[in-house]
$ cat my_file26.cif   # mmCIF, C-alpha atoms and all ligand atoms
data_start
#
loop_
_atom_site.group_PDB
_atom_site.id
_atom_site.type_symbol
_atom_site.label_atom_id
_atom_site.label_comp_id
_atom_site.auth_asym_id
_atom_site.auth_seq_id
_atom_site.Cartn_x
_atom_site.Cartn_y
_atom_site.Cartn_z
ATOM 1 C CA MET K 1 9.430 -22.198 -4.487
ATOM 2 C CA GLN K 2 6.008 -23.317 -5.648
ATOM 3 C CA ILE K 3 4.062 -21.303 -8.199
ATOM 4 C CA ILE K 4 0.371 -21.743 -7.589
ATOM 5 C CA LYS K 5 -2.280 -20.590 -10.058
ATOM 6 C CA THR K 6 -5.543 -21.938 -8.654
ATOM 7 C CA ILE K 7 -7.470 -21.528 -5.418
ATOM 8 C CA LYS K 8 -7.778 -25.317 -5.159
ATOM 9 C CA ASP K 9 -3.983 -25.753 -5.324
ATOM 10 C CA MET K 10 -3.424 -22.939 -2.810
ATOM 11 C CA ARG K 11 -5.694 -24.743 -0.359
ATOM 12 C CA ALA K 12 -3.902 -28.052 -1.014
ATOM 13 C CA PHE K 13 -0.533 -26.337 -0.352
ATOM 14 C CA ASN K 14 -1.920 -25.098 2.958
ATOM 15 C CA LYS K 15 -3.033 -28.548 4.023
ATOM 16 C CA ILE K 16 0.295 -30.182 3.195
ATOM 17 C CA LEU K 17 2.718 -27.516 4.450
ATOM 18 C CA ARG K 18 0.970 -26.241 7.515
ATOM 19 C CA THR K 19 1.267 -29.273 9.711
ATOM 20 C CA GLY K 20 2.145 -28.641 13.342
ATOM 21 C CA ASN K 21 2.327 -25.075 14.570
ATOM 22 C CA LYS K 22 4.002 -23.512 11.542
ATOM 23 C CA THR K 23 2.984 -19.871 11.141
ATOM 24 C CA MET K 24 2.382 -18.414 7.717
ATOM 25 C CA GLY K 25 3.216 -14.854 6.671
ATOM 26 C CA PHE K 26 1.546 -13.418 3.589
ATOM 27 C CA VAL K 27 2.594 -10.522 1.355
ATOM 28 C CA PRO K 28 -0.163 -9.522 -1.097
ATOM 29 C CA THR K 29 1.166 -7.593 -4.101
ATOM 30 C CA MET K 30 0.243 -6.529 -7.614
ATOM 31 C CA GLY K 31 3.708 -7.516 -8.869
ATOM 32 C CA ALA K 32 6.350 -5.288 -10.525
ATOM 33 C CA LEU K 33 8.214 -5.918 -7.305
ATOM 34 C CA HIS K 34 10.676 -3.379 -5.928
ATOM 35 C CA GLU K 35 12.708 -3.064 -2.732
ATOM 36 C CA GLY K 36 9.585 -1.914 -0.850
ATOM 37 C CA HIS K 37 7.829 -5.228 -1.545
ATOM 38 C CA LEU K 38 11.008 -7.201 -0.898
ATOM 39 C CA SER K 39 11.381 -5.585 2.542
ATOM 40 C CA LEU K 40 7.931 -6.980 3.406
ATOM 41 C CA VAL K 41 8.939 -10.415 2.163
ATOM 42 C CA ARG K 42 12.141 -10.360 4.245
ATOM 43 C CA ARG K 43 10.204 -9.356 7.345
ATOM 44 C CA SER K 44 7.723 -12.170 6.781
ATOM 45 C CA ARG K 45 10.577 -14.649 6.299
ATOM 46 C CA GLU K 46 12.095 -13.529 9.628
ATOM 47 C CA GLU K 47 8.840 -13.864 11.539
ATOM 48 C CA ASN K 48 7.192 -16.962 10.034
ATOM 49 C CA ALA K 49 7.986 -20.548 9.109
ATOM 50 C CA ILE K 50 6.251 -20.175 5.744
ATOM 51 C CA THR K 51 5.966 -17.141 3.480
ATOM 52 C CA VAL K 52 3.451 -16.832 0.656
ATOM 53 C CA VAL K 53 3.419 -13.892 -1.772
ATOM 54 C CA SER K 54 0.510 -13.183 -4.112
ATOM 55 C CA ILE K 55 0.828 -11.401 -7.440
ATOM 56 C CA PHE K 56 -2.494 -10.253 -8.813
ATOM 57 C CA VAL K 57 -3.311 -6.973 -10.550
ATOM 58 C CA ASN K 58 -6.782 -6.545 -9.116
ATOM 59 C CA PRO K 59 -9.174 -5.010 -11.670
ATOM 60 C CA ALA K 60 -11.710 -4.197 -8.937
ATOM 61 C CA GLN K 61 -9.507 -1.488 -7.427
ATOM 62 C CA PHE K 62 -8.987 0.461 -10.671
ATOM 63 C CA GLY K 63 -11.575 3.007 -11.775
ATOM 64 C CA PRO K 64 -12.655 3.583 -15.387
ATOM 65 C CA GLY K 65 -9.853 5.380 -17.231
ATOM 66 C CA GLU K 66 -7.215 4.406 -14.630
ATOM 67 C CA ASP K 67 -4.060 2.447 -15.451
ATOM 68 C CA PHE K 68 -5.232 -1.183 -15.039
ATOM 69 C CA HIS K 69 -4.206 -2.177 -18.575
ATOM 70 C CA ARG K 70 -0.826 -0.471 -18.532
ATOM 71 C CA TYR K 71 0.002 -1.226 -14.867
ATOM 72 C CA PRO K 72 3.614 -2.566 -14.929
ATOM 73 C CA ARG K 73 3.794 -6.352 -15.127
ATOM 74 C CA ASP K 74 7.021 -8.354 -14.819
ATOM 75 C CA PRO K 75 6.178 -11.925 -13.815
ATOM 76 C CA VAL K 76 9.578 -13.360 -14.800
ATOM 77 C CA GLY K 77 11.565 -10.700 -12.898
ATOM 78 C CA ASP K 78 9.199 -10.986 -9.924
ATOM 79 C CA LEU K 79 9.648 -14.762 -9.663
ATOM 80 C CA GLU K 80 13.438 -14.406 -9.834
ATOM 81 C CA LYS K 81 13.405 -11.902 -6.965
ATOM 82 C CA LEU K 82 11.092 -14.034 -4.837
ATOM 83 C CA SER K 83 13.031 -17.206 -5.483
ATOM 84 C CA ALA K 84 16.245 -15.436 -4.374
ATOM 85 C CA LEU K 85 14.498 -14.642 -1.086
ATOM 86 C CA ASP K 86 13.461 -18.288 -0.608
ATOM 87 C CA VAL K 87 9.749 -17.636 -0.591
ATOM 88 C CA ASP K 88 7.785 -20.867 -0.139
ATOM 89 C CA ALA K 89 4.951 -20.177 -2.571
ATOM 90 C CA VAL K 90 3.743 -17.530 -4.994
ATOM 91 C CA PHE K 91 0.002 -17.376 -5.645
ATOM 92 C CA MET K 92 -0.527 -15.964 -9.163
ATOM 93 C CA PRO K 93 -4.147 -16.453 -10.177
ATOM 94 C CA GLU K 94 -5.709 -15.305 -13.462
ATOM 95 C CA GLY K 95 -8.513 -12.741 -13.330
ATOM 96 C CA SER K 96 -11.057 -15.461 -14.154
ATOM 97 C CA GLU K 97 -9.896 -17.535 -11.165
ATOM 98 C CA MET K 98 -10.459 -14.639 -8.731
ATOM 99 C CA TYR K 99 -13.574 -13.188 -10.367
ATOM 100 C CA PRO K 100 -15.335 -15.940 -12.365
ATOM 101 C CA GLU K 101 -18.497 -13.821 -12.602
ATOM 102 C CA PRO K 102 -17.258 -10.224 -12.272
ATOM 103 C CA SER K 103 -20.635 -8.570 -12.799
ATOM 104 C CA ARG K 104 -22.318 -10.748 -10.186
ATOM 105 C CA SER K 105 -19.562 -10.771 -7.573
ATOM 106 C CA VAL K 106 -20.229 -9.736 -4.005
ATOM 107 C CA SER K 107 -18.127 -6.706 -3.143
ATOM 108 C CA LEU K 108 -17.410 -4.978 0.143
ATOM 109 C CA ASP K 109 -18.149 -1.382 1.073
ATOM 110 C CA VAL K 110 -15.659 0.005 3.589
ATOM 111 C CA GLY K 111 -17.741 3.126 4.279
ATOM 112 C CA GLY K 112 -16.489 6.667 4.903
ATOM 113 C CA ILE K 113 -12.843 5.709 5.428
ATOM 114 C CA GLY K 114 -12.752 4.753 1.742
ATOM 115 C CA ARG K 115 -14.226 8.050 0.556
ATOM 116 C CA MET K 116 -11.671 10.436 2.091
ATOM 117 C CA LEU K 117 -8.093 11.312 0.973
ATOM 118 C CA CYS K 118 -7.347 9.058 -2.047
ATOM 119 C CA GLY K 119 -10.984 7.944 -2.099
ATOM 120 C CA VAL K 120 -12.062 11.399 -3.293
ATOM 121 C CA SER K 121 -10.265 11.109 -6.636
ATOM 122 C CA ARG K 122 -10.447 7.276 -6.728
ATOM 123 C CA PRO K 123 -14.068 6.467 -5.823
ATOM 124 C CA GLY K 124 -14.559 2.746 -5.150
ATOM 125 C CA HIS K 125 -10.810 2.047 -5.002
ATOM 126 C CA PHE K 126 -10.735 0.973 -1.353
ATOM 127 C CA ASN K 127 -13.863 -1.167 -1.752
ATOM 128 C CA GLY K 128 -11.976 -3.020 -4.499
ATOM 129 C CA VAL K 129 -8.876 -3.359 -2.294
ATOM 130 C CA ALA K 130 -10.917 -4.641 0.672
ATOM 131 C CA THR K 131 -12.784 -7.126 -1.526
ATOM 132 C CA VAL K 132 -9.650 -8.674 -3.014
ATOM 133 C CA VAL K 133 -7.769 -8.698 0.307
ATOM 134 C CA ALA K 134 -10.728 -10.455 1.986
ATOM 135 C CA LYS K 135 -10.765 -13.028 -0.827
ATOM 136 C CA LEU K 136 -6.990 -13.524 -0.573
ATOM 137 C CA PHE K 137 -7.166 -13.948 3.216
ATOM 138 C CA ASN K 138 -9.857 -16.607 2.770
ATOM 139 C CA ILE K 139 -7.791 -18.412 0.135
ATOM 140 C CA VAL K 140 -4.306 -18.141 1.668
ATOM 141 C CA MET K 141 -5.364 -18.236 5.365
ATOM 142 C CA PRO K 142 -2.244 -16.526 6.735
ATOM 143 C CA ASP K 143 -1.443 -15.846 10.399
ATOM 144 C CA ARG K 144 0.183 -12.519 9.547
ATOM 145 C CA ALA K 145 -0.107 -10.215 6.539
ATOM 146 C CA TYR K 146 2.443 -7.536 5.653
ATOM 147 C CA PHE K 147 1.668 -4.139 4.098
ATOM 148 C CA GLY K 148 3.802 -1.056 3.436
ATOM 149 C CA ARG K 149 2.998 2.198 5.249
ATOM 150 C CA LYS K 150 3.393 4.127 2.001
ATOM 151 C CA ASP K 151 -0.234 3.163 1.403
ATOM 152 C CA LEU K 152 -1.274 4.445 4.829
ATOM 153 C CA GLN K 153 -4.983 4.699 4.000
ATOM 154 C CA GLN K 154 -4.927 1.140 2.637
ATOM 155 C CA THR K 155 -3.439 -0.125 5.920
ATOM 156 C CA VAL K 156 -6.164 1.634 7.943
ATOM 157 C CA VAL K 157 -8.857 0.182 5.649
ATOM 158 C CA ILE K 158 -7.404 -3.316 5.936
ATOM 159 C CA LYS K 159 -7.144 -3.142 9.732
ATOM 160 C CA LYS K 160 -10.807 -2.109 9.790
ATOM 161 C CA LEU K 161 -11.705 -4.956 7.424
ATOM 162 C CA VAL K 162 -9.967 -7.453 9.708
ATOM 163 C CA ARG K 163 -11.713 -6.059 12.812
ATOM 164 C CA ASP K 164 -15.145 -5.755 11.279
ATOM 165 C CA LEU K 165 -15.190 -9.155 9.548
ATOM 166 C CA ASN K 166 -13.255 -10.946 12.341
ATOM 167 C CA PHE K 167 -10.411 -12.265 10.199
ATOM 168 C CA ASP K 168 -7.913 -14.173 12.303
ATOM 169 C CA VAL K 169 -4.898 -12.358 10.764
ATOM 170 C CA ASP K 170 -2.383 -9.972 12.335
ATOM 171 C CA ILE K 171 -1.761 -6.954 10.116
ATOM 172 C CA ILE K 172 1.871 -5.870 10.186
ATOM 173 C CA VAL K 173 2.578 -2.396 8.806
ATOM 174 C CA CYS K 174 6.177 -1.895 7.638
ATOM 175 C CA PRO K 175 8.201 1.294 7.006
ATOM 176 C CA VAL K 176 8.212 3.207 3.724
ATOM 177 C CA ILE K 177 11.252 2.278 1.644
ATOM 178 C CA ARG K 178 12.750 5.228 -0.213
ATOM 179 C CA GLU K 179 15.200 5.903 -3.000
ATOM 180 C CA LYS K 180 18.395 7.748 -1.966
ATOM 181 C CA ASP K 181 16.805 11.113 -2.795
ATOM 182 C CA GLY K 182 13.739 10.374 -0.655
ATOM 183 C CA LEU K 183 11.238 9.328 -3.341
ATOM 184 C CA ALA K 184 9.055 6.564 -1.913
ATOM 185 C CA MET K 185 9.403 3.349 -3.905
ATOM 186 C CA SER K 186 6.338 2.570 -5.995
ATOM 187 C CA SER K 187 5.673 0.429 -9.055
ATOM 188 C CA ARG K 188 4.201 3.561 -10.665
ATOM 189 C CA ASN K 189 7.582 5.362 -10.480
ATOM 190 C CA SER K 190 8.410 3.456 -13.672
ATOM 191 C CA TYR K 191 5.943 5.725 -15.544
ATOM 192 C CA LEU K 192 8.107 8.807 -14.837
ATOM 193 C CA ASN K 193 10.455 10.229 -17.471
ATOM 194 C CA ALA K 194 13.802 11.689 -16.328
ATOM 195 C CA GLY K 195 12.432 15.202 -15.697
ATOM 196 C CA GLU K 196 9.385 13.880 -13.849
ATOM 197 C CA ARG K 197 11.542 11.522 -11.789
ATOM 198 C CA LYS K 198 13.537 14.511 -10.557
ATOM 199 C CA ALA K 199 10.395 16.562 -9.929
ATOM 200 C CA ALA K 200 8.805 13.697 -7.961
ATOM 201 C CA THR K 201 11.189 14.285 -5.030
ATOM 202 C CA VAL K 202 9.076 17.347 -4.206
ATOM 203 C CA LEU K 203 6.598 15.069 -2.396
ATOM 204 C CA PHE K 204 9.157 13.979 0.193
ATOM 205 C CA ARG K 205 10.652 17.456 0.387
ATOM 206 C CA ALA K 206 7.230 18.921 1.186
ATOM 207 C CA LEU K 207 6.626 16.241 3.837
ATOM 208 C CA LYS K 208 9.992 16.990 5.454
ATOM 209 C CA LEU K 209 9.215 20.717 5.415
ATOM 210 C CA GLY K 210 5.902 20.033 7.193
ATOM 211 C CA GLU K 211 7.673 17.854 9.738
ATOM 212 C CA LYS K 212 10.305 20.528 10.352
ATOM 213 C CA LEU K 213 7.738 23.279 10.890
ATOM 214 C CA ILE K 214 5.812 21.131 13.367
ATOM 215 C CA LEU K 215 8.796 19.806 15.336
ATOM 216 C CA ALA K 216 10.457 23.215 15.533
ATOM 217 C CA GLY K 217 7.252 24.442 17.152
ATOM 218 C CA GLU K 218 6.928 27.104 14.448
ATOM 219 C CA MET K 219 3.387 26.080 13.576
ATOM 220 C CA ASP K 220 0.798 24.248 15.591
ATOM 221 C CA ASN K 221 -2.200 24.356 13.307
ATOM 222 C CA ALA K 222 -2.701 22.187 10.273
ATOM 223 C CA PRO K 223 -3.922 24.798 7.742
ATOM 224 C CA ASP K 224 -0.707 26.869 8.150
ATOM 225 C CA VAL K 225 1.559 23.839 7.725
ATOM 226 C CA ARG K 226 -0.451 22.603 4.757
ATOM 227 C CA ARG K 227 -0.212 26.017 3.093
ATOM 228 C CA GLU K 228 3.604 25.983 3.334
ATOM 229 C CA MET K 229 3.762 22.421 2.015
ATOM 230 C CA GLU K 230 1.455 23.264 -0.871
ATOM 231 C CA LYS K 231 3.579 26.301 -1.762
ATOM 232 C CA MET K 232 6.588 24.012 -2.045
ATOM 233 C CA VAL K 233 4.756 21.458 -4.216
ATOM 234 C CA ARG K 234 3.383 24.173 -6.505
ATOM 235 C CA SER K 235 6.895 25.629 -6.919
ATOM 236 C CA GLU K 236 7.683 22.488 -8.938
ATOM 237 C CA PRO K 237 6.186 23.090 -12.424
ATOM 238 C CA LEU K 238 5.603 19.376 -13.164
ATOM 239 C CA ALA K 239 3.709 18.760 -9.896
ATOM 240 C CA ASP K 240 -0.007 19.243 -9.358
ATOM 241 C CA PRO K 241 -1.144 18.490 -5.794
ATOM 242 C CA ASP K 242 -4.289 16.402 -5.346
ATOM 243 C CA TYR K 243 -4.389 16.696 -1.546
ATOM 244 C CA ILE K 244 -2.117 17.591 1.353
ATOM 245 C CA GLU K 245 -3.584 16.609 4.717
ATOM 246 C CA ILE K 246 -2.497 16.312 8.324
ATOM 247 C CA VAL K 247 -4.488 13.518 9.933
ATOM 248 C CA ASP K 248 -4.842 11.317 12.978
ATOM 249 C CA THR K 249 -2.746 8.193 12.345
ATOM 250 C CA ARG K 250 -5.455 5.801 13.566
ATOM 251 C CA ASN K 251 -8.582 6.980 11.768
ATOM 252 C CA LEU K 252 -7.195 9.483 9.224
ATOM 253 C CA GLN K 253 -9.470 12.262 10.484
ATOM 254 C CA PRO K 254 -8.030 15.657 9.466
ATOM 255 C CA MET K 255 -6.595 17.734 12.317
ATOM 256 C CA GLN K 256 -6.953 21.464 12.867
ATOM 257 C CA GLY K 257 -4.684 21.862 15.885
ATOM 258 C CA ILE K 258 -1.801 19.411 15.518
ATOM 259 C CA LYS K 259 -1.528 16.596 18.063
ATOM 260 C CA LEU K 260 1.352 14.117 17.756
ATOM 261 C CA PRO K 261 1.650 11.537 16.392
ATOM 262 C CA ALA K 262 0.233 13.007 13.209
ATOM 263 C CA ALA K 263 0.395 11.663 9.668
ATOM 264 C CA LEU K 264 1.338 14.120 6.934
ATOM 265 C CA CYS K 265 -0.192 12.747 3.746
ATOM 266 C CA ILE K 266 0.272 13.928 0.202
ATOM 267 C CA ALA K 267 -0.952 12.921 -3.245
ATOM 268 C CA ALA K 268 0.112 14.718 -6.392
ATOM 269 C CA ARG K 269 0.272 14.253 -10.120
ATOM 270 C CA ILE K 270 3.763 14.433 -11.523
ATOM 271 C CA GLY K 271 3.061 14.858 -15.220
ATOM 272 C CA SER K 272 0.273 12.327 -15.685
ATOM 273 C CA THR K 273 1.404 9.957 -12.893
ATOM 274 C CA ARG K 274 -0.399 10.130 -9.562
ATOM 275 C CA LEU K 275 1.929 9.429 -6.628
ATOM 276 C CA ILE K 276 1.268 9.298 -2.888
ATOM 277 C CA ASP K 277 3.512 9.521 0.163
ATOM 278 C CA ASN K 278 3.301 10.189 3.888
ATOM 279 C CA ILE K 279 5.384 10.537 7.015
ATOM 280 C CA ILE K 280 4.420 10.121 10.639
ATOM 281 C CA VAL K 281 5.519 13.057 12.786
ATOM 282 C CA ASP K 282 6.073 12.002 16.357
ATOM 283 C CA LYS K 283 8.377 13.712 18.879
ATOM 284 C CA LYS K 284 9.565 10.384 20.270
ATOM 285 C CA ARG K 285 10.654 9.131 16.894
ATOM 286 C CA LYS K 286 12.479 12.262 15.792
HETATM 287 O O1 LIG Q 301 -0.959 -2.598 -2.276
HETATM 288 C C1 LIG Q 301 -1.222 -3.333 -3.257
HETATM 289 O O2 LIG Q 301 -0.358 -3.715 -4.040
HETATM 290 C C2 LIG Q 301 -2.671 -3.751 -3.496
HETATM 291 O O3 LIG Q 301 -3.552 -2.729 -3.180
HETATM 292 C C3 LIG Q 301 -3.056 -5.053 -2.767
HETATM 293 C C4 LIG Q 301 -2.993 -4.896 -1.268
HETATM 294 C C5 LIG Q 301 -2.121 -6.169 -3.204
HETATM 295 C C6 LIG Q 301 -4.479 -5.458 -3.140
HETATM 296 O O4 LIG Q 301 -4.622 -5.646 -4.503
#

$ encode --input "my_file26.cif" --output "C-alpha cells"
Amino acid sequence: MQIIKTIKDMRAFNKILRTGNKTMGFVPTMGALHEGHLSLVRRSREENAITVVSIFVNPAQFGPGEDFHRYPRDPVGDLEKLSALDVDAVFMPEGSEMYPEPSRSVSLDVGGIGRMLCGVSRPGHFNGVATVVAKLFNIVMPDRAYFGRKDLQQTVVIKKLVRDLNFDVDIIVCPVIREKDGLAMSSRNSYLNAGERKAATVLFRALKLGEKLILAGEMDNAPDVRREMEKMVRSEPLADPDYIEIVDTRNLQPMQGIKLPAALCIAARIGSTRLIDNIIVDKKRK
C-alpha cells in the first residue's frame, strides 16, 4: 500500500498503475475510520482493479466554532485498517498541499441544495464539501467514487456537482452501517460519553417510528409523522432536535403528502454533539 502525500506523486501513481483498462475506485474520507468507511472500501475493492482512499480533514467544510481542531484523527490506526483491506494507495495531503493560498482559493457554490436541512445550521458546509471533492476528483481521477448514505444530503450535492461540472465519475451510494442498537456509525460518535451514547439511539428509534406509521398506513401526511417523531426525540432529555424532515429522495424537497420512496431525515444534538441519520421508506424494500 502506497502512502502518497503530494498531488504530484498522486498523479505519478495514476500514470504508472493505470495502464490498460484498469478501473479505479475512490473512497474520500476525513479519517478516524470506522466500519462505515471500511464497507465503502470493501465495495470499491470488489468493483475495481485499483482502490485509492483519501484522508483529509477539510477545513473548508467546517464553520467558525465547529469541531475542525478537535475532529478525531487517527492516522496510524487508519493506515493499519486500510492496509488490512489491501488498499492500493492512501492519499494523505497536508492542508498546505490542498489549499496553498486559502484566502485566495476558488470555491464552489452548490446553490439552494446546500442551504436546506443541514445547510441551515451549517452555512457554507456543502460548498466546502463540493470544493474539496471536486479538487480530489481532479487529483485522483477515479472511475467510481463511494459515499455512505448516512450523509444523504452530501450524496445529493455530490451527484449534482458531478452532473453540473461534467466529472467523468460514477457516484456509488452505499448503505448506512449501524451499531447493534441502531446508532449510525460516525466518527463523531467518539465524542459521546456513556449516557449520551445510550441517548443517541433515539435518532434511529424516531426514524423507525416514522417508518412504521407510514408503512402501516396510519399517517399519510408529513407534518403528523414529523410531530410523532419529534415527540419521541424530545422524550430523551439529552437530545435536542435540529430538524426532522420527510423529503423526496432525489432532490430533498420536503413533502406534505407522503409519496414513496421518501427519505426520513433527522439531525439532533446529543449533549453538545450534533448527529445526523436517515432512512429511506419504500414499500418495495420493506
Ligand atoms: O464525508 C466525508 O467524510 C467528507 O465530507 C468528505 C466527502 C471526505 C469531504 O471532505

$ resolve_selection --input "my_file26.cif" --expression "the PyMOL selection byres (((not hetatm)) within 9 of (chain Q and resi 301))" --output "ChimeraX atom specification"
/K:27-31,37,54-61,125-126,128-133,136,147-148,151,154-155,158,187

$ atom_distance --input "my_file26.cif" --atom1 "CA of Arg73 (chain K)" --atom2 "CA of Val176 (chain K)"
21.6 Å

$ residues_near_point --input "my_file26.cif" --point "(3.0, 15.6, 17.1)" --cutoff "12 Å" --atoms "only C-alpha atoms" --output "VMD selection string"
chain K and resid 210 to 217 219 to 222 246 to 249 255 257 to 264 279 to 286

$ residues_around --input "my_file26.cif" --residues "Lys180 (chain K)" --least-positions-apart "4" --cutoff "12 Å" --atoms "only C-alpha atoms" --output "short mmCIF file (atom, residue, chain, number, x, y, z; two decimals) with C-alpha atoms, in the frame of the given file"
data_model
loop_
_atom_site.label_atom_id
_atom_site.label_comp_id
_atom_site.auth_asym_id
_atom_site.auth_seq_id
_atom_site.Cartn_x
_atom_site.Cartn_y
_atom_site.Cartn_z
CA ALA K 184 9.06 6.56 -1.91
CA MET K 185 9.40 3.35 -3.90
CA LYS K 198 13.54 14.51 -10.56
CA THR K 201 11.19 14.28 -5.03
CA PHE K 204 9.16 13.98 0.19
#

$ atom_distance --input "my_file26.cif" --atom1 "CA of Ala84 (chain K)" --atom2 "CA of Gly36 (chain K)"
15.5 Å

$ residues_around --input "my_file26.cif" --residues "Ser272 (chain K)" --least-positions-apart "6" --cutoff "10 Å" --atoms "only C-alpha atoms" --output "list in words"
Tyr191, Leu192, Glu196, Leu238, Ala239 and Asp240 of chain K

$ resolve_selection --input "my_file26.cif" --expression "the PyMOL selection byres (((chain K and resi 200) around 12) and not hetatm)" --output "PDB file with C-alpha atoms, in the coordinates of the input"
ATOM      1  CA  GLU K 179      15.200   5.903  -3.000  1.00  0.00           C
ATOM      2  CA  ASP K 181      16.805  11.113  -2.795  1.00  0.00           C
ATOM      3  CA  GLY K 182      13.739  10.374  -0.655  1.00  0.00           C
ATOM      4  CA  LEU K 183      11.238   9.328  -3.341  1.00  0.00           C
ATOM      5  CA  ALA K 184       9.055   6.564  -1.913  1.00  0.00           C
ATOM      6  CA  MET K 185       9.403   3.349  -3.905  1.00  0.00           C
ATOM      7  CA  SER K 186       6.338   2.570  -5.995  1.00  0.00           C
ATOM      8  CA  ARG K 188       4.201   3.561 -10.665  1.00  0.00           C
ATOM      9  CA  ASN K 189       7.582   5.362 -10.480  1.00  0.00           C
ATOM     10  CA  SER K 190       8.410   3.456 -13.672  1.00  0.00           C
ATOM     11  CA  TYR K 191       5.943   5.725 -15.544  1.00  0.00           C
ATOM     12  CA  LEU K 192       8.107   8.807 -14.837  1.00  0.00           C
ATOM     13  CA  ASN K 193      10.455  10.229 -17.471  1.00  0.00           C
ATOM     14  CA  ALA K 194      13.802  11.689 -16.328  1.00  0.00           C
ATOM     15  CA  GLY K 195      12.432  15.202 -15.697  1.00  0.00           C
ATOM     16  CA  GLU K 196       9.385  13.880 -13.849  1.00  0.00           C
ATOM     17  CA  ARG K 197      11.542  11.522 -11.789  1.00  0.00           C
ATOM     18  CA  LYS K 198      13.537  14.511 -10.557  1.00  0.00           C
ATOM     19  CA  ALA K 199      10.395  16.562  -9.929  1.00  0.00           C
ATOM     20  CA  THR K 201      11.189  14.285  -5.030  1.00  0.00           C
ATOM     21  CA  VAL K 202       9.076  17.347  -4.206  1.00  0.00           C
ATOM     22  CA  LEU K 203       6.598  15.069  -2.396  1.00  0.00           C
ATOM     23  CA  PHE K 204       9.157  13.979   0.193  1.00  0.00           C
ATOM     24  CA  ARG K 205      10.652  17.456   0.387  1.00  0.00           C
ATOM     25  CA  ALA K 206       7.230  18.921   1.186  1.00  0.00           C
ATOM     26  CA  VAL K 233       4.756  21.458  -4.216  1.00  0.00           C
ATOM     27  CA  ARG K 234       3.383  24.173  -6.505  1.00  0.00           C
ATOM     28  CA  GLU K 236       7.683  22.488  -8.938  1.00  0.00           C
ATOM     29  CA  PRO K 237       6.186  23.090 -12.424  1.00  0.00           C
ATOM     30  CA  LEU K 238       5.603  19.376 -13.164  1.00  0.00           C
ATOM     31  CA  ALA K 239       3.709  18.760  -9.896  1.00  0.00           C
ATOM     32  CA  ASP K 240      -0.007  19.243  -9.358  1.00  0.00           C
ATOM     33  CA  PRO K 241      -1.144  18.490  -5.794  1.00  0.00           C
ATOM     34  CA  ILE K 266       0.272  13.928   0.202  1.00  0.00           C
ATOM     35  CA  ALA K 267      -0.952  12.921  -3.245  1.00  0.00           C
ATOM     36  CA  ALA K 268       0.112  14.718  -6.392  1.00  0.00           C
ATOM     37  CA  ARG K 269       0.272  14.253 -10.120  1.00  0.00           C
ATOM     38  CA  ILE K 270       3.763  14.433 -11.523  1.00  0.00           C
ATOM     39  CA  GLY K 271       3.061  14.858 -15.220  1.00  0.00           C
ATOM     40  CA  SER K 272       0.273  12.327 -15.685  1.00  0.00           C
ATOM     41  CA  THR K 273       1.404   9.957 -12.893  1.00  0.00           C
ATOM     42  CA  ARG K 274      -0.399  10.130  -9.562  1.00  0.00           C
ATOM     43  CA  LEU K 275       1.929   9.429  -6.628  1.00  0.00           C
ATOM     44  CA  ILE K 276       1.268   9.298  -2.888  1.00  0.00           C
ATOM     45  CA  ASP K 277       3.512   9.521   0.163  1.00  0.00           C
TER      46      ASP K 277
END

$ atom_distance --input "my_file26.cif" --atom1 "CA of Ser39 (chain K)" --atom2 "CA of Ala89 (chain K)"
16.7 Å

$ resolve_selection --input "my_file26.cif" --expression "the PyMOL selection byres (((chain K and resi 134) around 12) and not hetatm)" --output "JSON, numbers by chain"
{"K": [28, 98, 106, 107, 108, 109, 110, 126, 127, 128, 129, 130, 131, 132, 133, 135, 136, 137, 138, 139, 140, 141, 142, 145, 157, 158, 159, 160, 161, 162, 163, 164, 165, 166, 167, 168, 169]}

$ residues_near_point --input "my_file26.cif" --point "(7.8, -23.2, -6.8)" --cutoff "10 Å" --atoms "all atoms listed in the file" --output "PyMOL selection string"
chain K and resi 1-4+79+82-83+86-91

$ residues_around --input "my_file26.cif" --residues "Cys118 (chain K)" --least-positions-apart "4" --cutoff "8 Å" --atoms "all atoms listed in the file" --output "VMD selection string"
chain K and resid 114 122 153 267

$ closest_residue --input "my_file26.cif" --among "K:Lys15, K:Arg104, K:Arg144, K:Arg250" --to "Val156 (chain K)" --atoms "only C-alpha atoms"
K:Arg250

$ closest_residue --input "my_file26.cif" --among "K:Glu46, K:Asp78, K:Asn278, K:Lys8" --to "Pro175 (chain K)" --atoms "only C-alpha atoms"
K:Asn278
